[in-house]
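Participant: Just dropping this structure here.
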Amino acid sequence: MATASKSNPAKTTDTKAGAARKASGRRRRTGRRDPLAITLLKKDHREVEGWFDEYEQLEDDADKLALFNQIALALKIHTAIEEEIFYPEERGDVEEDMLDEAYVEHDGAKKLISEIEAMKPGQEFYDAKVKVLGEYIKHHVKEEEQPGGIFAQAKKGDEDLDAMGERMASRKDELMAEYGAPKSN
Ligand SMILES: [Fe+2]
Ligand SMILES: [Fe+2]
């Protein structure tokens, strides 16, 4: 099966961010390095956002299916590590309402993913559903990353987000093996 990861938008973003940090000289306190848990989640966000943009350029149905499958897998694993580790451990540090809404938004995305999985590219509303899923995810990511949002509140909290990031990374590896992600070699 064709792999759709031709470009790596996350890498471009990282490089730009790195250059911007260097250019700004001394780091302000607010611009400190993100702890591992946040770095990992943000990296997933940039990756999947890039894939949604890439999807818009595709015309071939087989390419669309391959890229959608890649997006769906990434979202399933990402939401799983947030729901199994990050969100529950942040109860107490992050506003309850905000966390509850995040779970509901995950459920909405999962429903849309399974609707798309039951369809084939080329069918009526297939592209529209993928587009709406992308917009939905962008909205959700904003709630997580915006000032005062979930990540910002988590960073101010008591949890060791570097240690949590280690656990999230190994759970991610496990889930990728479980869901049958294609091996990189
Ligand atoms: Fe997320
Ligand atoms: Fe999330």
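Lettering and numbering for the structure tokens are positional, with chains as A, B, ... in the shown order, residues counted from 1 in each chain, and ligands counted from 1 in the shown order.
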Identify, counting only C-alpha atoms and all ligand atoms, the protein, DNA and RNA residues located within 8 Å of ligand 2, and give them as number ranges by chain.
Facilitator: A: 78-79, 82-83, 102-103, 105-106, 140-141, 144
Participant: Could you list, as a PyMOL selection string, every residue within 9 Å of stretch 87-94 of chain A, counting only C-alpha atoms and ignoring same-chain residues fewer than 4 positions away?
Facilitator: chain A and resi 81-83+98-99+102-103+149-159+164
Participant: Write to file, as a tab-separated table (two decimals), in the first residue's frame, the residues of the selection just made, with N, CA, C and O atoms.
Facilitator:
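The result, written out as part-v2.tsv:
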```
chain	number	residue	atom	x	y	z
A	81	ILE	N	-4.05	8.00	23.68
A	81	ILE	CA	-3.07	8.36	24.73
A	81	ILE	C	-3.53	9.56	25.55
A	81	ILE	O	-3.25	9.66	26.73
A	82	GLU	N	-4.30	10.45	24.91
A	82	GLU	CA	-4.85	11.56	25.70
A	82	GLU	C	-5.89	11.03	26.69
A	82	GLU	O	-5.92	11.44	27.84
A	83	GLU	N	-6.74	10.13	26.24
A	83	GLU	CA	-7.83	9.65	27.11
A	83	GLU	C	-7.34	8.67	28.18
A	83	GLU	O	-7.91	8.58	29.26
A	98	MET	N	-13.51	21.91	30.69
A	98	MET	CA	-12.67	21.88	29.50
A	98	MET	C	-12.30	20.43	29.14
A	98	MET	O	-12.32	20.05	27.98
A	99	LEU	N	-11.99	19.64	30.17
A	99	LEU	CA	-11.64	18.24	29.92
A	99	LEU	C	-12.86	17.46	29.44
A	99	LEU	O	-12.76	16.65	28.51
A	102	ALA	N	-13.44	18.12	25.89
A	102	ALA	CA	-12.43	17.47	25.05
A	102	ALA	C	-12.82	16.01	24.77
A	102	ALA	O	-12.72	15.54	23.64
A	103	TYR	N	-13.31	15.31	25.80
A	103	TYR	CA	-13.76	13.92	25.58
A	103	TYR	C	-14.92	13.88	24.58
A	103	TYR	O	-14.97	13.02	23.71
A	149	GLY	N	-5.71	27.40	27.55
A	149	GLY	CA	-6.32	26.12	27.19
A	149	GLY	C	-5.77	24.96	28.01
A	149	GLY	O	-5.04	25.15	28.99
A	150	ILE	N	-6.10	23.75	27.56
A	150	ILE	CA	-5.75	22.55	28.33
A	150	ILE	C	-4.23	22.43	28.56
A	150	ILE	O	-3.78	22.20	29.68
A	151	PHE	N	-3.45	22.62	27.50
A	151	PHE	CA	-2.00	22.44	27.65
A	151	PHE	C	-1.42	23.52	28.58
A	151	PHE	O	-0.55	23.24	29.41
A	152	ALA	N	-1.89	24.75	28.41
A	152	ALA	CA	-1.39	25.85	29.24
A	152	ALA	C	-1.69	25.58	30.71
A	152	ALA	O	-0.84	25.78	31.58
A	153	GLN	N	-2.90	25.10	30.98
A	153	GLN	CA	-3.27	24.80	32.38
A	153	GLN	C	-2.46	23.62	32.90
A	153	GLN	O	-2.02	23.62	34.05
A	154	ALA	N	-2.23	22.63	32.04
A	154	ALA	CA	-1.44	21.47	32.45
A	154	ALA	C	-0.02	21.88	32.82
A	154	ALA	O	0.55	21.39	33.81
A	155	LYS	N	0.54	22.79	32.03
A	155	LYS	CA	1.93	23.23	32.29
A	155	LYS	C	2.07	23.96	33.62
A	155	LYS	O	3.13	23.97	34.22
A	156	LYS	N	0.98	24.59	34.04
A	156	LYS	CA	1.01	25.29	35.33
A	156	LYS	C	0.75	24.35	36.50
A	156	LYS	O	0.89	24.73	37.66
A	157	GLY	N	0.32	23.13	36.20
A	157	GLY	CA	-0.10	22.20	37.24
A	157	GLY	C	1.05	21.45	37.90
A	157	GLY	O	2.23	21.77	37.67
A	158	ASP	N	0.70	20.44	38.69
A	158	ASP	CA	1.67	19.74	39.51
A	158	ASP	C	2.30	18.51	38.86
A	158	ASP	O	3.28	17.97	39.38
A	159	GLU	N	1.70	18.02	37.78
A	159	GLU	CA	2.18	16.76	37.21
A	159	GLU	C	3.57	16.93	36.58
A	159	GLU	O	3.88	17.99	36.03
A	164	MET	N	5.45	11.94	32.30
A	164	MET	CA	4.20	11.53	31.65
A	164	MET	C	4.42	11.33	30.14
A	164	MET	O	3.90	10.39	29.54
```
Participant: Tell me which of A:Phe68, A:Tyr179, A:Tyr136, A:Phe125 sits closest to ligand 1, counting only C-alpha atoms and all ligand atoms.
Facilitator: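 Ranked by minimum distance to ligand 1, first place goes to A:Tyr136.
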Participant: For A:Lys64, which residue among A:Met119, A:Leu112, A:Ala37, A:Ala80 is the nearest when counting only C-alpha atoms?
Facilitator: A:Met119
Participant: Report the distance between atom CA of A:Asp44 and atom CA of A:Leu67 in Å, rounded to one decimal place.
Facilitator: 15.2 Å
Participant: In Å, how far is it from atom CA of A:Asp61 to atom CA of A:Pro121?
Facilitator: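 Atom-to-atom, atom CA of A:Asp61 and atom CA of A:Pro121 are spaced 5.4 Å apart.
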Participant: Using only C-alpha atoms and all ligand atoms, which of A:Arg167, A:Lys76, A:His139, A:His45 sits nearest ligand 1?
Facilitator: A:His45
Participant: Would you mind telling me which residue in A:Ser114, A:Ser170, A:Gln146, A:Gln123 lies nearest to A:Asn69 when using only C-alpha atoms?
Facilitator: A:Ser114
Participant: Considering only helix (DSSP H, G or I) as DSSP defines it on the backbone, what residues of stretch 68-155 of chain A qualify? List them as a VMD selection string.
Facilitator: chain A and resid 68 to 90 96 to 117 126 to 145 150 to 155
Participant: Kindly give the distance, in Å, that separates atom 1 (Fe, counted along the ligand's line) of ligand 1 and atom CA of A:Ile85, rounded to a single decimal.
Facilitator: 11.9 Å
Participant: Go through A:Ile116, A:Leu58, A:Val104, A:Ile137 and flag the residue nearest ligand 1, using only C-alpha atoms and all ligand atoms for the distances.
Facilitator: A:Ile137
